[in-house]
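Printed here is final_20.tsv (TSV, C-alpha atoms):
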```tsv
chain	number	residue	atom	x	y	z
W	1219	MET	CA	0.00	0.00	0.00
W	1220	ARG	CA	1.61	3.25	-1.15
W	1221	LYS	CA	1.22	6.21	1.17
W	1222	ALA	CA	-1.00	9.10	0.10
W	1223	ARG	CA	1.19	11.98	-1.09
W	1224	ILE	CA	0.06	15.24	0.50
W	1225	ALA	CA	0.56	18.88	-0.44
W	1226	VAL	CA	-0.23	21.57	2.14
W	1227	LEU	CA	-1.15	25.01	0.75
W	1228	VAL	CA	-0.42	27.99	3.01
W	1229	SER	CA	-0.53	31.78	3.00
W	1230	GLY	CA	0.83	32.87	6.37
W	1231	GLY	CA	2.36	31.71	9.63
W	1232	GLY	CA	1.48	28.07	9.14
W	1233	THR	CA	0.24	27.07	12.60
W	1234	ASN	CA	-2.04	24.41	11.10
W	1235	LEU	CA	0.87	23.21	8.97
W	1236	GLN	CA	2.92	22.88	12.17
W	1237	ALA	CA	0.16	20.78	13.75
W	1238	LEU	CA	0.15	18.50	10.69
W	1239	LEU	CA	3.94	18.16	10.62
W	1240	GLU	CA	4.10	17.35	14.32
W	1241	ALA	CA	1.26	14.81	14.07
W	1242	GLU	CA	3.00	13.11	11.14
W	1243	LYS	CA	6.34	13.01	12.99
W	1244	ALA	CA	4.59	11.41	15.98
W	1245	GLY	CA	3.20	8.66	13.73
W	1246	GLY	CA	-0.29	10.12	13.54
W	1247	ASN	CA	-0.67	9.54	9.80
W	1248	PRO	CA	0.73	6.10	8.95
W	1249	ASP	CA	-0.87	6.05	5.48
W	1250	GLY	CA	0.09	9.54	4.33
W	1251	GLU	CA	3.10	11.79	4.00
W	1252	ILE	CA	3.45	15.53	3.44
W	1253	VAL	CA	5.77	15.77	0.44
W	1254	LEU	CA	5.20	19.41	-0.55
W	1255	VAL	CA	4.31	22.77	0.99
W	1256	VAL	CA	3.12	25.50	-1.39
W	1257	ALA	CA	2.89	29.13	-0.25
W	1258	SER	CA	0.82	31.75	-2.06
W	1259	LYS	CA	3.49	34.42	-1.44
W	1260	PRO	CA	7.21	34.48	-0.68
W	1261	GLY	CA	8.64	35.12	2.78
W	1262	VAL	CA	5.82	33.62	4.87
W	1263	TYR	CA	6.81	31.86	8.08
W	1264	ALA	CA	5.08	28.64	6.99
W	1265	LEU	CA	7.96	28.10	4.51
W	1266	GLU	CA	10.42	28.13	7.42
W	1267	ARG	CA	8.30	25.56	9.25
W	1268	ALA	CA	8.43	23.34	6.15
W	1269	ALA	CA	12.22	23.72	5.98
W	1270	ASN	CA	12.55	22.84	9.68
W	1271	PHE	CA	10.91	19.48	8.91
W	1272	ASN	CA	12.97	19.00	5.72
W	1273	LYS	CA	9.88	19.25	3.53
W	1274	LYS	CA	10.09	20.38	-0.08
W	1275	HIS	CA	8.55	23.85	-0.39
W	1276	THR	CA	7.83	26.34	-3.13
W	1277	VAL	CA	5.91	29.53	-3.88
W	1278	VAL	CA	3.12	29.86	-6.44
W	1279	SER	CA	1.93	33.46	-6.39
W	1280	LYS	CA	-1.16	34.62	-8.25
W	1281	LYS	CA	0.09	38.20	-7.90
W	1282	GLU	CA	3.39	37.36	-9.60
W	1283	LEU	CA	1.79	35.18	-12.29
W	1284	GLY	CA	-0.79	37.84	-13.07
W	1285	SER	CA	-4.01	35.84	-13.48
W	1286	GLN	CA	-6.09	33.06	-11.93
W	1287	GLU	CA	-5.61	30.93	-15.04
W	1288	LEU	CA	-1.81	31.13	-15.01
W	1289	PHE	CA	-1.72	30.67	-11.24
W	1290	GLU	CA	-3.79	27.48	-11.39
W	1291	LYS	CA	-1.88	26.16	-14.41
W	1292	LYS	CA	1.36	26.55	-12.46
W	1293	LEU	CA	-0.17	25.07	-9.29
W	1294	VAL	CA	-1.45	22.01	-11.17
W	1295	SER	CA	1.96	21.42	-12.78
W	1296	VAL	CA	3.70	21.65	-9.37
W	1297	LEU	CA	1.17	19.21	-7.85
W	1298	GLU	CA	1.40	16.78	-10.77
W	1299	GLU	CA	5.19	16.81	-10.66
W	1300	GLU	CA	5.00	15.51	-7.08
W	1301	GLU	CA	2.15	13.07	-7.87
W	1302	ILE	CA	-0.02	14.64	-5.18
W	1303	ASP	CA	-3.03	12.64	-3.99
W	1304	LEU	CA	-4.40	15.01	-1.35
W	1305	ILE	CA	-4.36	18.80	-1.04
W	1306	VAL	CA	-4.76	20.41	2.38
W	1307	LEU	CA	-5.67	24.10	2.62
W	1308	ALA	CA	-4.10	25.33	5.85
W	1309	GLY	CA	-4.87	29.04	5.95
W	1310	PHE	CA	-4.59	29.34	2.16
W	1311	LEU	CA	-6.25	32.60	1.17
W	1312	THR	CA	-6.24	32.36	-2.64
W	1313	ILE	CA	-9.66	31.25	-3.89
W	1314	LEU	CA	-9.56	28.25	-6.21
W	1315	SER	CA	-11.76	28.10	-9.32
W	1316	GLU	CA	-14.58	25.64	-9.98
W	1317	ASP	CA	-12.46	23.92	-12.63
W	1318	PHE	CA	-9.63	23.40	-10.16
W	1319	VAL	CA	-11.77	21.95	-7.37
W	1320	ARG	CA	-13.60	19.68	-9.82
W	1321	ARG	CA	-10.25	18.35	-11.05
W	1322	TYR	CA	-9.46	17.36	-7.44
W	1323	ASP	CA	-12.91	16.23	-6.36
W	1324	LYS	CA	-12.87	14.80	-2.79
W	1325	ARG	CA	-9.11	15.40	-2.77
W	1326	ILE	CA	-9.00	18.88	-1.18
W	1327	LEU	CA	-9.51	19.45	2.55
W	1328	ASN	CA	-10.01	22.74	4.34
W	1329	VAL	CA	-10.30	23.69	8.00
W	1330	HIS	CA	-12.69	26.51	8.87
W	1331	PRO	CA	-12.74	28.20	12.31
W	1332	SER	CA	-16.48	27.87	13.04
W	1333	LEU	CA	-19.17	25.23	13.13
W	1334	ILE	CA	-20.35	25.27	9.51
W	1335	PRO	CA	-22.98	26.38	8.40
W	1336	SER	CA	-22.50	29.25	10.90
W	1337	PHE	CA	-20.15	32.13	10.10
W	1338	CYS	CA	-18.80	30.78	6.83
W	1339	GLY	CA	-18.83	31.47	3.11
W	1340	GLU	CA	-17.19	34.08	0.95
W	1341	GLY	CA	-15.15	36.68	2.83
W	1342	MET	CA	-15.37	34.79	6.12
W	1343	TYR	CA	-11.84	33.95	7.19
W	1344	GLY	CA	-9.40	34.69	9.99
W	1345	LEU	CA	-10.54	37.05	12.72
W	1346	LYS	CA	-13.67	38.04	10.77
W	1347	VAL	CA	-15.22	34.66	11.69
W	1348	HIS	CA	-14.63	35.16	15.41
W	1349	GLU	CA	-15.78	38.79	15.30
W	1350	ALA	CA	-19.05	37.65	13.72
W	1351	ALA	CA	-19.51	34.85	16.28
W	1352	LEU	CA	-18.97	37.22	19.21
W	1353	ALA	CA	-21.22	39.90	17.68
W	1354	ARG	CA	-23.98	37.31	17.42
W	1355	GLY	CA	-23.51	36.26	21.03
W	1356	VAL	CA	-23.12	32.52	20.42
W	1357	LYS	CA	-22.17	30.41	23.43
W	1358	VAL	CA	-20.43	27.74	21.38
W	1359	SER	CA	-18.20	28.00	18.33
W	1360	GLY	CA	-15.55	25.59	17.04
W	1361	ALA	CA	-13.94	24.29	13.89
W	1362	THR	CA	-14.93	22.21	10.87
W	1363	VAL	CA	-12.86	20.17	8.44
W	1364	HIS	CA	-14.61	19.70	5.10
W	1365	TYR	CA	-14.00	18.68	1.52
W	1366	VAL	CA	-13.65	21.67	-0.79
W	1367	ASN	CA	-16.13	22.13	-3.62
W	1368	GLU	CA	-17.04	25.11	-5.83
W	1369	ILE	CA	-19.00	26.81	-3.01
W	1370	PRO	CA	-16.84	28.54	-0.37
W	1371	ASP	CA	-17.09	26.39	2.79
W	1372	GLY	CA	-19.84	24.39	1.07
W	1373	GLY	CA	-18.28	20.94	0.74
W	1374	GLU	CA	-19.15	17.78	2.66
W	1375	ILE	CA	-18.27	17.99	6.36
W	1376	LEU	CA	-15.81	15.41	7.68
W	1377	LEU	CA	-15.21	16.43	11.30
W	1378	GLN	CA	-16.41	19.12	13.69
W	1379	LYS	CA	-15.52	20.05	17.24
W	1380	ALA	CA	-17.33	22.51	19.49
W	1381	VAL	CA	-15.44	25.02	21.63
W	1382	GLU	CA	-16.97	27.07	24.44
W	1383	VAL	CA	-17.22	30.83	24.02
W	1384	ARG	CA	-16.38	32.50	27.33
W	1385	GLU	CA	-17.46	35.75	28.95
W	1386	GLY	CA	-15.08	38.54	27.96
W	1387	ASP	CA	-13.60	36.73	24.93
W	1388	THR	CA	-11.99	38.93	22.30
W	1389	PRO	CA	-11.78	37.70	18.70
W	1390	GLU	CA	-8.06	37.04	19.23
W	1391	VAL	CA	-8.59	35.02	22.42
W	1392	LEU	CA	-11.40	32.99	20.84
W	1393	GLN	CA	-9.32	32.40	17.70
W	1394	ARG	CA	-6.45	31.01	19.80
W	1395	ARG	CA	-8.73	28.72	21.84
W	1396	ILE	CA	-10.40	27.33	18.71
W	1397	MET	CA	-6.98	26.69	17.14
W	1398	GLU	CA	-5.63	24.90	20.22
W	1399	GLU	CA	-8.75	22.93	21.15
W	1400	ALA	CA	-10.19	22.18	17.70
W	1401	GLU	CA	-8.24	23.08	14.54
W	1402	TRP	CA	-4.85	21.59	15.52
W	1403	LYS	CA	-6.55	18.34	16.57
W	1404	LEU	CA	-9.20	17.98	13.85
W	1405	LEU	CA	-7.06	18.74	10.82
W	1406	PRO	CA	-4.41	16.02	11.46
W	1407	GLN	CA	-7.24	13.57	12.28
W	1408	ALA	CA	-9.09	14.31	9.04
W	1409	VAL	CA	-5.91	14.18	6.95
W	1410	ALA	CA	-5.02	10.77	8.43
W	1411	MET	CA	-8.57	9.53	7.80
W	1412	VAL	CA	-8.58	10.58	4.13
W	1413	SER	CA	-4.97	9.40	3.61
W	1414	THR	CA	-5.96	5.89	4.72
W	1415	LYS	CA	-8.92	5.94	2.35
W	1416	ILE	CA	-6.70	7.05	-0.56
W	1417	ALA	CA	-3.93	4.55	0.27
W	1418	LYS	CA	-6.46	1.70	0.25
W	1419	GLU	CA	-7.67	2.76	-3.20
W	1420	LYS	CA	-4.16	2.75	-4.68
```
Now that the file is in, can you turn its structure into structure tokens?
Amino acid sequence: MRKARIAVLVSGGGTNLQALLEAEKAGGNPDGEIVLVVASKPGVYALERAANFNKKHTVVSKKELGSQELFEKKLVSVLEEEEIDLIVLAGFLTILSEDFVRRYDKRILNVHPSLIPSFCGEGMYGLKVHEAALARGVKVSGATVHYVNEIPDGGEILLQKAVEVREGDTPEVLQRRIMEEAEWKLLPQAVAMVSTKIAKEK
């Protein structure tokens, strides 16, 4: 059984990438291996995290390539070169086209910092999600790992975990708690789950 070959797509600090790398190192994904980290812009800290774990890393920037079409063409060629089976969006802020997600149907995972269908969809990312949750006065938020389809945050849900919202929470405090209690646990779990499924199909 050949391991599932995984690419992690990042745009920033890479805390979710770190959680995935640590889980893999600890033997948490026996049927999968991260073989590539792709950043959407140069100089992001996630690239350093990849280097620290001796993972191949590269930059594919829509801004530098000038169009969605050229960006996706380049991204596909980078993924195909590494024979990628599974794509994980770990704080990747470049929207992917319908054509791209259809090409990788049930092969792209994303983690979203709320309990979908609450506080999700276009424009809902980062602190905006937590600001919206606090403004609404919810008592519970959390994180969701889902397959990516052509609708932002609209794909089939794989795992969810609820996290308590506490009196006096700021968006930053809530964001950190959801990362620590939900995102960093759920994402490695989901990746391992899907890796096993892919490895069995090989």
Please, which residues in segment 1300-1356 of chain W fall within 10 Å of segment 1271-1292 of chain W when counting all atoms listed in the file, and what is the closest atom pair and distance in Å to one decimal for each, ordered by chain then residue number, as a tab-separated table?
```
residue	atom	partner	partner_atom	distance
W:Glu1300	CA	W:Lys1274	CA	9.9
W:Thr1312	CA	W:Lys1280	CA	7.9
W:Ile1313	CA	W:Gln1286	CA	9.0
W:Leu1314	CA	W:Glu1290	CA	7.8
W:Ser1315	CA	W:Gln1286	CA	8.0
W:Asp1317	CA	W:Glu1290	CA	9.5
W:Phe1318	CA	W:Glu1290	CA	7.2
```
Inset, instruction - Could you tell me which of W:Pro1335, W:Leu1235, W:Ala1417, W:Leu1304 comes closest to Tyr1263 of chain W if we count all atoms listed in the file? - result: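 Nearest candidate to Tyr1263 of chain W out of W:Pro1335, W:Leu1235, W:Ala1417, W:Leu1304: W:Leu1235.
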Inset, instruction - Pick out the closest residue to Pro1389 of chain W from this set: W:Gln1407, W:Ser1413, W:Asn1247, W:Ser1359. Count all atoms listed in the file. - result: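 Smallest separation from Pro1389 of chain W among the options: W:Ser1359.
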Inset, instruction - With a distance cut-off of 12 Å and only C-alpha atoms, select the neighbouring residues of Gly1373 of chain W, excluding the residue or stretch itself and same-chain residues fewer than 4 positions from it, and output the selection as an MDAnalysis selection string. - result: chainID W and resid 1319:1320 1323:1330 1334:1335 1338:1339 1362:1369 1377
Inset, instruction - Go through W:Glu1401, W:Leu1352, W:Ile1396, W:Ala1408 and flag the residue nearest Ile1375 of chain W, using all atoms listed in the file for the distances. - result: W:Ala1408
Legend entry - Close residues, Ala1222 of chain W itself excluded, 10 Å, all atoms listed in the file, min 4 positions apart in chain, as a PyMOL selection string: chain W and resi 1247-1253+1301-1304+1409-1410+1412-1420
Output C-alpha atoms for every residue in that selection, as a compact mmCIF listing (two decimals), in the frame of the given file.
```
# COMPACT_ATOMS: atom_id res chain seq x y z
CA ASN W 1247 -0.67 9.54 9.80
CA PRO W 1248 0.73 6.10 8.95
CA ASP W 1249 -0.87 6.05 5.48
CA GLY W 1250 0.09 9.54 4.33
CA GLU W 1251 3.10 11.79 4.00
CA ILE W 1252 3.45 15.53 3.44
CA VAL W 1253 5.77 15.77 0.44
CA GLU W 1301 2.15 13.07 -7.87
CA ILE W 1302 -0.02 14.64 -5.18
CA ASP W 1303 -3.03 12.64 -3.99
CA LEU W 1304 -4.40 15.01 -1.35
CA VAL W 1409 -5.91 14.18 6.95
CA ALA W 1410 -5.02 10.77 8.43
CA VAL W 1412 -8.58 10.58 4.13
CA SER W 1413 -4.97 9.40 3.61
CA THR W 1414 -5.96 5.89 4.72
CA LYS W 1415 -8.92 5.94 2.35
CA ILE W 1416 -6.70 7.05 -0.56
CA ALA W 1417 -3.93 4.55 0.27
CA LYS W 1418 -6.46 1.70 0.25
CA GLU W 1419 -7.67 2.76 -3.20
CA LYS W 1420 -4.16 2.75 -4.68
```
Inset, instruction - Using atom CA of Asn1234 of chain W and atom CA of Gly1360 of chain W as the two end points, give the distance in Å to one decimal. - result: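 Atom-to-atom, atom CA of Asn1234 of chain W and atom CA of Gly1360 of chain W are spaced 14.8 Å apart.
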Inset, instruction - Using all atoms listed in the file, find the one residue out of W:Pro1331, W:Pro1406, W:Val1358, W:Lys1346 that sits nearest to Lys1243 of chain W. - result: W:Pro1406
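Coordinates place atom CA of Leu1392 of chain W at a distance of 27.6 Å from atom CA of Val1256 of chain W.
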